[in-house]
Structure formats: C-alpha cells, structure tokens
Amino acid sequence: MLTRRSALLGALAAPTILTAAEQPIKLRELYQRKGRGMSEFAEANVGRRIEVEGFMAPPLKAESRFFVLTKMPMAVCPFCETAAEWPDDILAVYTKRVVDVIPFNVKIVTSGVLELGEYRDPDTGFVSLVRLTEARYG
Amino acid sequence: MKLQLKISAIALCAATAAHAQDLPQAGSPWFAAGQEAIQALIDRQDNTNRAKNVILLVSDGNGVGTNYAVRMFAGQQEGKLGEEHVMPYETPDFHSALVKTYNINAQTPDSAPTAGAMNTGVKQRFNLINLGGDAIHDDCSTVAGNELTTFAEIVTGMEKSVGVISTARITHATPAGVYAKTANRNWEDAVPDDCTAQKDIAAQLVDQMQAGVIDLAMGGGRRHFVPQGVQTDEGGNGRRADGTNLIEMAQGLGAQYAWNTATFGELALDGETPVLGLFNDSHMEYEADRAEDDEPSLADMTRAAIEYLSQNENGYYLEIEAGRVDHANHAGNAARVMRDGVAFAEAVAMADELTDDADTLIIVTADHEHAIAFNGYCGRGTPILGLCYDIAQIGDKHSDELVLADDGKPYTVIGYLNGTGSVLVEQEDGTYSGARPDVTQDDATDLDYVQQALIPKSSETHSGEDVAVYAKGPWAHLFDGTIEQNVIFHVMHHAVNAE
C-alpha cells in the first residue's frame, strides 16, 4: 500500500532531490567540538540552502512545522541517562509544510536555509542555536 | 596399574617433545610462536606477595565479543590485519578467567550490581548498589540494615588511599560501586522526599571524602554537585534540588577541584589534598569527540591518579572505568565503542607502566557484555567497522569481493541483536516491517554509523554473556577457569591480606 510516508520516502530516494544540491553534509560538520560553537562551514554558509543528513527525533508537538534533526537515531538509554536528554549537536528544522513524521531511526536528508543564533521556539519553548528554515526533507 | 599408566604417559610426552622439531610444520612461524607461547606459560611464577596496591580497571560493556572488536580495531589502526593484535592485557604475564556476570535477580546484568559485586564480594540485585540481597529496588525503607562494607572501606582501615576515576559521570553505577550504597542507581543528586536512610550518590561521594575513604575522584557528572538555578563551570545547569553546592562543600573540606584540562594540569598530586575532578556536566565526551585542551584522557587521569595515590607508603586501591564503551554500544554505534576501547587499553598500559608487579595487583575486566554479534565469513583483515570481504584463496588478506547476503546486499562485520539500528521500522499503523537498507563502505565506516540490528528497541541492551578478567601482580594466578563476578573482590581481599 502506498501511504503518504512511503510516497515521500520514495521521492527522497529518487535522484532528483539528492542531485539538486551538492553532497549532503553530516550534521556533525556544523559544529566544532563540545562547547566551541559552530564550525567554519556553518559560519560560511549562513543564509544559504544546505542539505544535511540525519534522523528525525520524535516530534515534540503534533501537527507542527518543527522537528529536531539528530546525527544518530535518538536512542533513549535508561542506563546512560536518568531522563531523555538532547545531545549537544542537534539541528532545529522549520519546515515549509506540516511535518509528516518519519520513524526516528530512518536516515533522511533535510534541505533548508541555514540560520545561526539563539532562538526560542514559541510553541515548544525549545531553544536552538542553529536551524534550517524553509525546510523540506525525505 | 595406575603407576604403569603414569609411566606410559610420561614416556609418550617425552617422545612427543623429542620429536616436535622434526614435524613437517616445525618450520612454520605459527609453530615457533606456539612454542614460545607455552614457554612463557612454563616460565610463569606465582606471585604470592602481599599486594600493597590494587588497581581494578573496568571497561563498561566490554565483554568477550566487544573486546574482540576493539582488539581488531586497535590492530588495524596500527596497520596490521587486526586478528593477530595483542591488547596490553592479553600478554602472557596476565592470568585470565571467564566471568559470569548475572545479578541475584537478573540473567542480564546492569552495571550497578556488577560494580557492587566486585567491590563487596557478593552478588547484588538489579539497579541497586552495595546493598544486601534483601534490599528492594527504589525502596528506601529497605536500605537500613542492608548496607554492605566496601573494599574501599576495608583498605581505608589498612591506612591505604582510595581513588576512583571514570569517563562516565562519577555518580554513575560503576564508579558509585566504590563509595555508594543506594536502593536506586539513578538517585544521583536526590532521593525521594521521604527517604532518610540514605543520601543521594553525589552527596555520598563528598561524605566519603570527608570520612577519609575517598581521596581522589575524577570523571563527569558536574551537574549533580551543583544546585538547580546555578550555572556550572561550562554554563550548564545544576541539578541539585536541595540547593547544596557539593563542589563548594568539598573545597571547604580542603579538596582541590578541577573542571577542564587546564585545571587538571594544576592539581597538586601530593597524596594529601583530596582531589575532585568533574570534567563535564554529564558524561565525559566520547574519545572520538574529546578535545585534548578540554578534557583529560582516561590515560591522563590514570597517570595523575597513580602519581597521587603512590604518595601513600601504605598503598592504595584505584578503580578506573572506561564508561562510554557501554554507551556507544547502547547507541549501536560501534565506531565510538572502538575508540573508547582503545583509550581504555591505553589506560591499562599506563597503569602497568607506572606500577611494579611485585607489589601491585592489576585487574582488567568488564562488568557485562552487550547484544553485539559478528557476521561471517569474512577474510583476514576485513575492517572490523566495515563490510565483510570474502576470503581469498591465496595469501592472507581478504579478497576484494564483498560477501552478499541472500537479499543481494553486503553487510557489516558487526551487528547488534537489538537497538535503534533495527531493520524493522515502525509503520503508520504501529506495526514493524522493513528491509535492510543499502550500506556502502563509506556509510559503514563513518563515525556516526549505527550498525544494523534485528529487534527494534530505543536503546541496545546488555547481554548476560560472559566477560573476561585479566590480572597480573600478587595473587593474579587465582584468576583461572570460569568464576562468578563477586570472586574478583575475594582475590583483591586475599591479595592485600596475604601473609
């Protein structure tokens, strides 16, 4: 059965999106190591549309245009953490359309306009330091 | 009759030995290496000295399988094929045994009771630390009367010093096993409101420093020592609801405090002034992500701890944990497991280099294994983090052909039985189904790659499979065969008391 999700995934796998830009970057390429801020790549590409590989963390709110991209599937490890914690290196994504949820462990490529600087999401209170806006993904 | 049999057996052995060098395979380097290996074992002499110092090195989650992968990776990083590599604790001067890691009530153990077993000599219950078998998880009312005496407390009574270091939070299960007694391993900075029988784990650490049991503690977990509403050294938020600043309290007791590489370098390793090092708000960084000028390595902390503790002429007990081998396994991210595993091996080598086998018992082990598994049939030298290459008909090294599964796709050497890498993906109707994703060599060897797994779980699990223990120094030869995990304490205890 062709669901909206499988159609989207199919579209994402198609070469059109991947070839629309250069090779997607890894999420970690946006950051310097712990506490050292953003990478040179990030600073140099503010305001540009970039493609980033990652995983969609389970959305904080239904019917939202916001999700968090993580570099690895957002594991919830009861023996590592006493409560769910966001990793340091994440990417807030503001989408053009209402988010169609993709399972947290399926790799996606997200394309969006890179923004830096602290921003508090008005709906969720989520504070981000780096974002993609006008984003599409698959 | 019995005597005759013995004589015949001796004659047979003699004949075998006499002819060994005449065998057609005698010229093989494998044969020579085998002869050297048994000679090293023949040359072993039991060390029955009293141990002045005991160092217990625990690589969390580094069971026999994980250790195999780390060995392969370490060797391949050095340009070897990998299989032939020998870790610093796998040389003939280390005795070894297999260790059964289950808990009183758990086939699959967690790190709290396993650390407790090694530090008290008795198996413990799942998620509890250093409480007897009648205590119940999360039930503070069962603490009183069930507190066990730790090895740290015992050797403190012998005027020895005690140190504990970890790349996990210093309040996490394995380091807490040295100094804490708790009905819940997660009570790192608070206990339930009605709980008066015990303090939280961070508070217990500072209490043990004040009591003179713990002399040196270094790791992560800073937030559990800082009040809510107070910024930590790196701008994070404190977690303590009771408003106590345990770092200031420790400093008030005369302790030195370090929070990054620079302040770590300024510590006076005088053996007298207690040391509290908290290098991250939560766990210290994975070795793959660590910046040298931000956090010391496990080997750096090992060197500093031994230099500090060696000032005590009566000796010391030091527990060293590589805490994040476990966390990377939980994430199904073998690439970070390998790097933290190598960092652990470097800490073992450092501890060995800085100590004397005559008076220091060094024990290297893991607390439990993970649901890690290995695919075949791969040729020699197949990159342990990469795709499985076929076996070559000529020479040693693998062929250039990838081995394909029945679905026509290649696969990595390492896989996990469960975890976020599951090939079964949740569908919109809540069911799980799927196919193995395509994976290239670049994908598989990327630092952030999550190995494919079977069963979908939000975090990969431990397994009940055995771990190994390796040891050198006084009474290390007692490690032999297959032992229960709590026996490790008994070897340590015997070694420090031997006449």
# chains A, B, ... in the order shown; residues from 1 in each chain; ligands from 1
call {"tool": "select_by_dssp", "arguments": {"residues": "segment 100-207 of chain B", "states": "helix (DSSP H, G or I)", "output": "VMD selection string"}}
result
chain B and resid 111 to 120 140 to 142 151 to 156 173 to 179 201 to 207
call {"tool": "write_last_selection", "arguments": {"atoms": "N, CA and C atoms", "output": "compact mmCIF listing (two decimals), in the first residue's frame"}}
result
# COMPACT_ATOMS: atom_id res chain seq x y z
N SER B 111 25.00 -2.36 35.36
CA SER B 111 26.32 -2.00 35.87
C SER B 111 26.36 -1.69 37.37
N ALA B 112 25.20 -1.49 37.97
CA ALA B 112 25.19 -1.16 39.40
C ALA B 112 25.55 -2.39 40.25
N PRO B 113 24.77 -3.46 40.17
CA PRO B 113 25.11 -4.63 40.99
C PRO B 113 26.41 -5.31 40.56
N THR B 114 26.80 -5.17 39.30
CA THR B 114 28.06 -5.79 38.88
C THR B 114 29.24 -5.07 39.53
N ALA B 115 29.18 -3.73 39.56
CA ALA B 115 30.23 -2.98 40.25
C ALA B 115 30.20 -3.32 41.73
N GLY B 116 29.00 -3.43 42.27
CA GLY B 116 28.85 -3.77 43.69
C GLY B 116 29.46 -5.13 44.00
N ALA B 117 29.24 -6.10 43.10
CA ALA B 117 29.79 -7.45 43.33
C ALA B 117 31.31 -7.41 43.41
N MET B 118 31.92 -6.62 42.54
CA MET B 118 33.38 -6.54 42.53
C MET B 118 33.91 -5.78 43.75
N ASN B 119 33.08 -4.90 44.30
CA ASN B 119 33.54 -4.06 45.41
C ASN B 119 33.13 -4.58 46.79
N THR B 120 32.27 -5.61 46.84
CA THR B 120 31.85 -6.14 48.16
C THR B 120 32.00 -7.64 48.29
N CYS B 140 13.47 2.94 49.60
CA CYS B 140 14.43 3.47 50.57
C CYS B 140 14.30 2.80 51.94
N SER B 141 13.09 2.29 52.22
CA SER B 141 12.88 1.69 53.54
C SER B 141 13.67 0.40 53.70
N THR B 142 14.20 -0.13 52.60
CA THR B 142 14.96 -1.39 52.69
C THR B 142 16.47 -1.16 52.75
N PHE B 151 35.15 -2.60 49.56
CA PHE B 151 36.60 -2.82 49.55
C PHE B 151 37.32 -1.51 49.89
N ALA B 152 36.76 -0.38 49.43
CA ALA B 152 37.36 0.92 49.74
C ALA B 152 37.39 1.15 51.25
N GLU B 153 36.30 0.81 51.92
CA GLU B 153 36.25 0.99 53.38
C GLU B 153 37.22 0.04 54.08
N ILE B 154 37.33 -1.17 53.55
CA ILE B 154 38.24 -2.15 54.17
C ILE B 154 39.69 -1.67 54.08
N VAL B 155 40.09 -1.22 52.89
CA VAL B 155 41.50 -0.83 52.74
C VAL B 155 41.79 0.51 53.38
N THR B 156 40.75 1.34 53.53
CA THR B 156 40.94 2.58 54.30
C THR B 156 41.33 2.22 55.74
N ALA B 173 26.92 4.23 37.78
CA ALA B 173 26.91 2.97 38.53
C ALA B 173 28.29 2.42 38.87
N THR B 174 29.16 2.31 37.89
CA THR B 174 30.44 1.63 38.14
C THR B 174 31.32 2.40 39.12
N PRO B 175 31.54 3.72 38.93
CA PRO B 175 32.30 4.44 39.96
C PRO B 175 31.58 4.47 41.31
N ALA B 176 30.25 4.60 41.28
CA ALA B 176 29.50 4.63 42.55
C ALA B 176 29.70 3.35 43.34
N GLY B 177 29.99 2.25 42.65
CA GLY B 177 30.22 0.99 43.34
C GLY B 177 31.38 1.04 44.32
N VAL B 178 32.27 2.01 44.15
CA VAL B 178 33.41 2.14 45.05
C VAL B 178 33.00 2.78 46.38
N TYR B 179 32.03 3.71 46.33
CA TYR B 179 31.78 4.52 47.53
C TYR B 179 30.32 4.64 47.98
N ILE B 201 23.71 9.91 45.59
CA ILE B 201 25.04 9.35 45.31
C ILE B 201 26.13 10.42 45.35
N ALA B 202 25.86 11.60 44.78
CA ALA B 202 26.87 12.67 44.80
C ALA B 202 27.19 13.08 46.24
N ALA B 203 26.15 13.20 47.04
CA ALA B 203 26.36 13.59 48.45
C ALA B 203 27.15 12.51 49.19
N GLN B 204 26.89 11.25 48.83
CA GLN B 204 27.65 10.16 49.46
C GLN B 204 29.14 10.23 49.09
N LEU B 205 29.42 10.67 47.86
CA LEU B 205 30.83 10.78 47.46
C LEU B 205 31.54 11.82 48.33
N VAL B 206 30.91 12.96 48.51
CA VAL B 206 31.55 14.01 49.31
C VAL B 206 31.64 13.57 50.79
N ASP B 207 30.61 12.88 51.25
CA ASP B 207 30.68 12.33 52.62
C ASP B 207 31.86 11.37 52.78
call {"tool": "atom_distance", "arguments": {"atom1": "atom CA of Glu63 of chain A", "atom2": "atom CA of Val98 of chain A"}}
result
5.8 Å
call {"tool": "residues_around", "arguments": {"residues": "Ala476 of chain B", "least_positions_apart": "3", "cutoff": "10 Å", "atoms": "only C-alpha atoms", "output": "PyMOL selection string"}}
result
chain B and resi 46-48+93-96+357+360-363+470-473+479-480+491-492+495
call {"tool": "write_last_selection", "arguments": {"atoms": "N, CA and C atoms", "output": "compact mmCIF listing (two decimals), in the first residue's frame"}}
result
# COMPACT_ATOMS: atom_id res chain seq x y z
N ASP B 46 54.22 -17.98 40.24
CA ASP B 46 53.15 -17.39 41.04
C ASP B 46 53.71 -16.30 41.94
N ASN B 47 53.03 -15.19 41.97
CA ASN B 47 53.43 -14.08 42.83
C ASN B 47 52.56 -14.14 44.09
N THR B 48 53.17 -14.51 45.21
CA THR B 48 52.42 -14.65 46.46
C THR B 48 52.76 -13.55 47.46
N ASP B 93 51.96 -12.41 30.62
CA ASP B 93 52.14 -12.08 32.04
C ASP B 93 50.83 -11.74 32.73
N PHE B 94 49.75 -11.77 31.98
CA PHE B 94 48.43 -11.62 32.60
C PHE B 94 47.76 -12.98 32.70
N HIS B 95 47.33 -13.33 33.90
CA HIS B 95 46.48 -14.51 34.08
C HIS B 95 45.05 -14.12 33.69
N SER B 96 44.22 -15.10 33.41
CA SER B 96 42.87 -14.73 32.99
C SER B 96 41.85 -15.80 33.34
N ASP B 357 54.99 -4.98 39.36
CA ASP B 357 54.26 -6.24 39.54
C ASP B 357 54.49 -6.86 40.91
N THR B 360 51.87 -4.63 43.14
CA THR B 360 50.61 -4.06 42.64
C THR B 360 49.81 -5.10 41.87
N LEU B 361 48.63 -5.37 42.35
CA LEU B 361 47.71 -6.27 41.64
C LEU B 361 46.88 -5.43 40.67
N ILE B 362 47.06 -5.70 39.38
CA ILE B 362 46.28 -5.02 38.34
C ILE B 362 45.25 -6.00 37.80
N ILE B 363 43.99 -5.60 37.85
CA ILE B 363 42.90 -6.44 37.34
C ILE B 363 42.20 -5.68 36.22
N TYR B 470 41.47 -10.29 33.36
CA TYR B 470 42.91 -10.47 33.17
C TYR B 470 43.60 -9.84 34.37
N ALA B 471 44.67 -10.43 34.85
CA ALA B 471 45.30 -9.85 36.04
C ALA B 471 46.78 -10.20 36.08
N LYS B 472 47.56 -9.30 36.66
CA LYS B 472 48.98 -9.55 36.94
C LYS B 472 49.31 -8.96 38.30
N GLY B 473 50.41 -9.45 38.88
CA GLY B 473 50.79 -8.98 40.20
C GLY B 473 50.41 -9.99 41.26
N PHE B 479 43.08 -16.05 39.38
CA PHE B 479 42.09 -15.95 38.31
C PHE B 479 42.33 -17.07 37.31
N ASP B 480 41.38 -18.00 37.27
CA ASP B 480 41.53 -19.18 36.43
C ASP B 480 40.15 -19.80 36.22
N VAL B 491 39.68 -12.11 45.45
CA VAL B 491 41.09 -12.13 45.06
C VAL B 491 41.77 -10.84 45.57
N MET B 492 41.09 -9.72 45.38
CA MET B 492 41.66 -8.44 45.85
C MET B 492 41.86 -8.49 47.37
N ALA B 495 44.65 -10.75 48.33
CA ALA B 495 45.96 -10.21 47.94
C ALA B 495 46.45 -9.15 48.92
call {"tool": "closest_atom_pairs", "arguments": {"of": "chain B", "to": "chain A", "cutoff": "7 Å", "atoms": "only C-alpha atoms", "output": "CSV"}}
result
residue,atom,partner,partner_atom,distance
B:Asn186,CA,A:Thr82,CA,6.1
B:Asp289,CA,A:Arg33,CA,6.5
B:Ala291,CA,A:Arg33,CA,6.7
B:His327,CA,A:Cys80,CA,6.3
B:His330,CA,A:Cys77,CA,6.8
B:Ala331,CA,A:Ala75,CA,6.3
B:Thr420,CA,A:Asn105,CA,6.0
B:Gly421,CA,A:Asn105,CA,6.6
B:Val425,CA,A:Pro103,CA,6.9
B:Glu426,CA,A:Pro103,CA,6.3
B:Asp448,CA,A:Met72,CA,6.3
B:Ser458,CA,A:Ala75,CA,5.0
B:Ser459,CA,A:Cys77,CA,5.1
call {"tool": "residues_around", "arguments": {"residues": "segment 125-135 of chain B", "least_positions_apart": "6", "cutoff": "6 Å", "atoms": "only C-alpha atoms", "output": "ChimeraX atom specification"}}
result
/B:103-105,112-113,116,142,146-148,181-185
call {"tool": "residues_around", "arguments": {"residues": "segment 40-44 of chain A", "least_positions_apart": "4", "cutoff": "9 Å", "atoms": "only C-alpha atoms", "output": "PyMOL selection string"}}
result
chain A and resi 29-32+48+114-116+130
call {"tool": "write_last_selection", "arguments": {"atoms": "N, CA and C atoms", "output": "PDB file, in the first residue's frame"}}
result
ATOM      1  N   GLU A  29      29.244  18.193  10.932  1.00  0.00           N
ATOM      2  CA  GLU A  29      30.080  19.182  10.253  1.00  0.00           C
ATOM      3  C   GLU A  29      29.648  20.609  10.540  1.00  0.00           C
ATOM      4  N   LEU A  30      28.494  20.780  11.182  1.00  0.00           N
ATOM      5  CA  LEU A  30      28.032  22.127  11.544  1.00  0.00           C
ATOM      6  C   LEU A  30      28.657  22.607  12.852  1.00  0.00           C
ATOM      7  N   TYR A  31      29.218  21.701  13.615  1.00  0.00           N
ATOM      8  CA  TYR A  31      29.689  22.032  14.957  1.00  0.00           C
ATOM      9  C   TYR A  31      31.194  21.861  15.102  1.00  0.00           C
ATOM     10  N   GLN A  32      31.765  22.691  15.961  1.00  0.00           N
ATOM     11  CA  GLN A  32      33.085  22.363  16.481  1.00  0.00           C
ATOM     12  C   GLN A  32      32.876  21.381  17.623  1.00  0.00           C
ATOM     13  N   ARG A  48      22.374  30.383   3.349  1.00  0.00           N
ATOM     14  CA  ARG A  48      22.358  29.543   2.147  1.00  0.00           C
ATOM     15  C   ARG A  48      21.544  28.267   2.393  1.00  0.00           C
ATOM     16  N   LEU A 114      20.184  27.863   6.201  1.00  0.00           N
ATOM     17  CA  LEU A 114      20.898  27.798   7.478  1.00  0.00           C
ATOM     18  C   LEU A 114      20.811  29.129   8.229  1.00  0.00           C
ATOM     19  N   GLU A 115      20.417  29.027   9.504  1.00  0.00           N
ATOM     20  CA  GLU A 115      20.374  30.195  10.397  1.00  0.00           C
ATOM     21  C   GLU A 115      21.178  29.876  11.644  1.00  0.00           C
ATOM     22  N   LEU A 116      21.911  30.832  12.146  1.00  0.00           N
ATOM     23  CA  LEU A 116      22.627  30.665  13.423  1.00  0.00           C
ATOM     24  C   LEU A 116      22.104  31.692  14.428  1.00  0.00           C
ATOM     25  N   VAL A 130      21.189  26.661  16.159  1.00  0.00           N
ATOM     26  CA  VAL A 130      21.370  26.542  14.706  1.00  0.00           C
ATOM     27  C   VAL A 130      20.104  25.910  14.123  1.00  0.00           C
TER      28      VAL A 130
END
call {"tool": "decode", "arguments": {"residues": "segment 51-136 of chain A", "atoms": "C-alpha atoms", "output": "PDB file, in the first residue's frame"}}
result
ATOM      1  CA  GLU A  51      21.485  19.616   2.730  1.00  0.00           C
ATOM      2  CA  VAL A  52      22.121  17.757   5.962  1.00  0.00           C
ATOM      3  CA  GLU A  53      21.944  14.033   6.715  1.00  0.00           C
ATOM      4  CA  GLY A  54      20.396  12.919   9.958  1.00  0.00           C
ATOM      5  CA  PHE A  55      17.426  11.421  11.751  1.00  0.00           C
ATOM      6  CA  MET A  56      14.113  12.997  12.747  1.00  0.00           C
ATOM      7  CA  ALA A  57      13.734  12.898  16.519  1.00  0.00           C
ATOM      8  CA  PRO A  58      10.168  12.095  17.577  1.00  0.00           C
ATOM      9  CA  PRO A  59       8.390  15.478  17.267  1.00  0.00           C
ATOM     10  CA  LEU A  60       7.697  17.438  20.437  1.00  0.00           C
ATOM     11  CA  LYS A  61       4.288  18.533  19.177  1.00  0.00           C
ATOM     12  CA  ALA A  62       1.750  17.096  16.743  1.00  0.00           C
ATOM     13  CA  GLU A  63       0.819  18.887  13.545  1.00  0.00           C
ATOM     14  CA  SER A  64       3.891  21.065  13.836  1.00  0.00           C
ATOM     15  CA  ARG A  65       6.241  22.639  11.341  1.00  0.00           C
ATOM     16  CA  PHE A  66       9.180  21.964  13.593  1.00  0.00           C
ATOM     17  CA  PHE A  67      11.329  18.952  14.330  1.00  0.00           C
ATOM     18  CA  VAL A  68      14.818  18.221  15.626  1.00  0.00           C
ATOM     19  CA  LEU A  69      17.396  16.513  13.434  1.00  0.00           C
ATOM     20  CA  THR A  70      19.920  14.295  15.260  1.00  0.00           C
ATOM     21  CA  LYS A  71      23.130  12.805  13.888  1.00  0.00           C
ATOM     22  CA  MET A  72      22.226   9.338  15.114  1.00  0.00           C
ATOM     23  CA  PRO A  73      18.820   7.841  15.965  1.00  0.00           C
ATOM     24  CA  MET A  74      17.646   9.448  19.190  1.00  0.00           C
ATOM     25  CA  ALA A  75      18.170   6.485  21.492  1.00  0.00           C
ATOM     26  CA  VAL A  76      16.672   6.654  24.939  1.00  0.00           C
ATOM     27  CA  CYS A  77      19.083   4.737  27.086  1.00  0.00           C
ATOM     28  CA  PRO A  78      17.867   4.077  30.622  1.00  0.00           C
ATOM     29  CA  PHE A  79      21.333   3.009  31.711  1.00  0.00           C
ATOM     30  CA  CYS A  80      23.061   6.067  30.261  1.00  0.00           C
ATOM     31  CA  GLU A  81      20.677   8.809  31.316  1.00  0.00           C
ATOM     32  CA  THR A  82      18.103   9.178  34.060  1.00  0.00           C
ATOM     33  CA  ALA A  83      15.876  11.193  31.719  1.00  0.00           C
ATOM     34  CA  ALA A  84      15.770  11.793  27.988  1.00  0.00           C
ATOM     35  CA  GLU A  85      18.399  14.352  27.084  1.00  0.00           C
ATOM     36  CA  TRP A  86      19.174  16.122  23.853  1.00  0.00           C
ATOM     37  CA  PRO A  87      22.684  15.645  22.555  1.00  0.00           C
ATOM     38  CA  ASP A  88      24.795  18.808  22.157  1.00  0.00           C
ATOM     39  CA  ASP A  89      24.964  18.589  18.399  1.00  0.00           C
ATOM     40  CA  ILE A  90      21.435  18.817  17.012  1.00  0.00           C
ATOM     41  CA  LEU A  91      19.754  20.879  14.331  1.00  0.00           C
ATOM     42  CA  ALA A  92      16.347  22.544  14.665  1.00  0.00           C
ATOM     43  CA  VAL A  93      14.341  22.286  11.464  1.00  0.00           C
ATOM     44  CA  TYR A  94      11.459  24.573  10.499  1.00  0.00           C
ATOM     45  CA  THR A  95       9.589  23.066   7.587  1.00  0.00           C
ATOM     46  CA  LYS A  96       7.549  24.543   4.751  1.00  0.00           C
ATOM     47  CA  ARG A  97       4.732  22.079   5.398  1.00  0.00           C
ATOM     48  CA  VAL A  98       3.312  20.374   8.478  1.00  0.00           C
ATOM     49  CA  VAL A  99       5.751  17.643   9.462  1.00  0.00           C
ATOM     50  CA  ASP A 100       4.921  14.171   8.224  1.00  0.00           C
ATOM     51  CA  VAL A 101       6.608  12.069  10.849  1.00  0.00           C
ATOM     52  CA  ILE A 102       9.344   9.702   9.748  1.00  0.00           C
ATOM     53  CA  PRO A 103      10.472   6.979  12.185  1.00  0.00           C
ATOM     54  CA  PHE A 104      13.361   8.172  14.349  1.00  0.00           C
ATOM     55  CA  ASN A 105      15.740   5.529  13.003  1.00  0.00           C
ATOM     56  CA  VAL A 106      15.300   6.113   9.274  1.00  0.00           C
ATOM     57  CA  LYS A 107      18.006   8.288   7.763  1.00  0.00           C
ATOM     58  CA  ILE A 108      16.758  11.390   5.976  1.00  0.00           C
ATOM     59  CA  VAL A 109      18.283  14.269   4.079  1.00  0.00           C
ATOM     60  CA  THR A 110      16.940  17.688   5.033  1.00  0.00           C
ATOM     61  CA  SER A 111      17.342  20.734   2.841  1.00  0.00           C
ATOM     62  CA  GLY A 112      16.874  24.209   4.314  1.00  0.00           C
ATOM     63  CA  VAL A 113      18.262  27.689   4.755  1.00  0.00           C
ATOM     64  CA  LEU A 114      20.898  27.798   7.478  1.00  0.00           C
ATOM     65  CA  GLU A 115      20.374  30.195  10.397  1.00  0.00           C
ATOM     66  CA  LEU A 116      22.627  30.665  13.423  1.00  0.00           C
ATOM     67  CA  GLY A 117      21.940  32.378  16.750  1.00  0.00           C
ATOM     68  CA  GLU A 118      19.815  31.575  19.787  1.00  0.00           C
ATOM     69  CA  TYR A 119      16.088  31.233  19.128  1.00  0.00           C
ATOM     70  CA  ARG A 120      13.309  30.059  21.428  1.00  0.00           C
ATOM     71  CA  ASP A 121      10.500  28.233  19.658  1.00  0.00           C
ATOM     72  CA  PRO A 122       7.267  29.978  20.727  1.00  0.00           C
ATOM     73  CA  ASP A 123       5.172  26.783  20.738  1.00  0.00           C
ATOM     74  CA  THR A 124       7.510  24.298  22.403  1.00  0.00           C
ATOM     75  CA  GLY A 125       9.968  26.543  24.247  1.00  0.00           C
ATOM     76  CA  PHE A 126      12.760  24.642  22.508  1.00  0.00           C
ATOM     77  CA  VAL A 127      15.914  26.737  22.366  1.00  0.00           C
ATOM     78  CA  SER A 128      18.117  26.255  19.317  1.00  0.00           C
ATOM     79  CA  LEU A 129      21.470  27.700  18.310  1.00  0.00           C
ATOM     80  CA  VAL A 130      21.370  26.542  14.706  1.00  0.00           C
ATOM     81  CA  ARG A 131      18.402  25.990  12.403  1.00  0.00           C
ATOM     82  CA  LEU A 132      17.253  25.152   8.940  1.00  0.00           C
ATOM     83  CA  THR A 133      14.244  27.153   7.763  1.00  0.00           C
ATOM     84  CA  GLU A 134      12.005  26.741   4.735  1.00  0.00           C
ATOM     85  CA  ALA A 135      12.991  23.114   5.015  1.00  0.00           C
ATOM     86  CA  ARG A 136      11.969  20.042   3.106  1.00  0.00           C
TER      87      ARG A 136
END
